[in-house]
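First comes the structure, then the notes that go with it.
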Amino acid sequence: MIQVFQPTLGKEELKSLETVFNSNWIGKGKLVDKFEGLFAEHLGSTPNHVLTTNCCSEGLFSSMPLCNISKDDEVILPTISFIGAGNAVCANGSKMVLCDVDKRTLNARPEDIEKVITKKTKAILLLHYGGIPCDMDSIMSLAKTYNLKVIEDCAAGVCSTYNGKALGTFGDIGMWSFDAMKILVCGDGACLHFRDPELREKAEKLLYFGLQTKSGYQNSVAQKWWEFDISCFGHRAIMNDLTAAIAIEQYKKLPTYMQKRAAVHKFYDSNLNNIEWLDLPLPIPEGCETSYYFYHIQIKNGKRDLLAKYLREKDIYTTYRYFPLHRVPGYKVGGVYPNADYAADNTLCLPMHQSLSVNDLEYIVDTIQEFDKKYC
Ligand SMILES: *Cc1c(COP(=O)(O)O)cnc(C)c1O
């Protein structure tokens, strides 16, 4: 089976783990600090703005208290959002307000957001779909006008930029995931960026029990180092030196990963462009870099499901991301979102990862051409 997403792991990662084993320190330590430093640099930022955590979903949940979002507040998110974003808002007791998206990029547009702003709106929880940047200039000026916090779910946008600036560094909080299915992977892990370093300080406490003081060796012997106070009822959401060791090796490989993904993207674009029921190529907004996390196609003849099944029978796994939150019965939200509905019914994510061979790609394209001849 050709997988739709897949990590690329090598002997470098394995070797780095061996070093951690030999050090006998597998908890949060020097390697987590090192990775934070590297990632801060990658973002064009500095470590006082950046904090790692155990997963991006934790970042979504924690962004609610960190942005002082309370029960009476409304949070706007595109209905095509990751389930963790919806859960974060609802678990906080706040009102989840959904907005529609652009039909092709599946990103919320400024006009979609503005339509649902009310006096109670406190924040926008933005998703950059597949790492394709939203229109940040307009969205940030909208946020300024209405005095809204902006949280960027940049989980899949590890190398995405908007006008040369790293995506995820525009809003109050931005976040990237390193889970098993992302581009830079380490099992589980994530990075958060805070525009205001003071918020990073607050986050560091929230993500570690609310502890005021550092523990163990980092405390002086002048005091009893086992005593402590807390500033809040914090979580325990940290990376460790095992995951950081993998992340550091993966980080070094990011440029080659991007080259490979761009090449796959280009291959699909140029080999599928003769199929008239496909909407290609995907418009990448001017001045933006994507991370090529998804290669999503839109099927204009209503045969998306048939195509997905056909490909699966031929050992090509595809999927659609993300199931719109307004269709999740558990959220009990209404509303009409025509573009999101169109996207959810006609979009398919084709295999996209670094390990796809030329043979794989040719086989995928040939099989889609075969489907065209048989059914279209
Ligand atoms: C994967 C993903 C997340 C969650 O990341 P985890 O690290 O697995 O918690 C959040 N948002 C988006 C868009 C994702 O793709």
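Residue numbers start at 1 in each chain; chains themselves are named A, B, ... in the order of the structure tokens; ligands are numbered from 1 in the order shown.
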
Which residues are near ligand 1 - at most 8 Å, using only C-alpha atoms and all ligand atoms? Format: as a VMD selection string. chain A and resid 54 to 60 81 to 85 127 to 130 153 to 156 176 to 182 188 to 190

Between A:Gln3, A:Asn271, A:Asn339, A:Thr169, which one has atoms that come closest to A:Asp196, using only C-alpha atoms? A:Thr169

Would you kindly return, as a ChimeraX atom specification, each protein, DNA or RNA residue with an atom no farther than 7 Å from any atom of A:Ser355, considering only C-alpha atoms and excluding same-chain residues fewer than 2 positions away? /A:8,353,357

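Here the question is which of A:Leu311, A:Val264, A:Leu125, A:Met136 gets nearest to A:Met175 using only C-alpha atoms, and that residue is A:Leu125.
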
Have a look at A:Leu361, A:His42, A:Val185, A:Tyr295 and name the one nearest to A:Gln250; count only C-alpha atoms.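 Closest residue, counting only C-alpha atoms: A:Val185.
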
I need the residue nearest A:His296 from this list: A:Leu43, A:Val150, A:Ile76, A:Val4. Use only C-alpha atoms for the distance.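 Ranked by minimum distance to A:His296, first place goes to A:Val4.
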
Counting only C-alpha atoms, which residue out of A:Leu325, A:Met239, A:Val20, A:Ile183 sits closest to A:Lys253?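 When distances to A:Lys253 are compared using only C-alpha atoms, the smallest one comes from A:Ile183.
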
Identify, with DSSP run on backbone atoms, the residues in stretch 101-170 of chain A assigned to strand (DSSP E or B), and express the list as a compact mmCIF listing (two decimals) with C-alpha atoms, in the first residue's frame.
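Generated file (out20.txt):
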```
# COMPACT_ATOMS: atom_id res chain seq x y z
CA THR A 121 -15.66 37.65 20.04
CA LYS A 122 -12.38 37.36 21.88
CA ALA A 123 -10.11 35.40 19.56
CA ILE A 124 -9.58 33.85 16.16
CA LEU A 125 -8.16 30.35 16.12
CA LEU A 126 -6.77 30.15 12.63
CA LEU A 127 -5.76 27.06 10.69
CA LYS A 149 -6.33 37.63 19.93
CA VAL A 150 -4.97 35.52 17.10
CA ILE A 151 -3.92 31.91 17.62
CA GLU A 152 -2.29 30.23 14.62
CA ASP A 153 -2.58 26.47 14.21
CA THR A 161 6.33 31.73 5.23
CA TYR A 162 4.19 34.75 4.49
CA LYS A 165 8.24 35.83 7.69
CA ALA A 166 7.64 32.45 9.32
```

Run DSSP on the backbone and give me the residues of stretch 120-303 of chain A it puts in alpha helix (DSSP H), as a PyMOL selection string. chain A and resi 136-146+197-206+241-272

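In this model, the gap between atom CA of A:Leu207 and atom CA of A:Asp172 comes to 17.1 Å.
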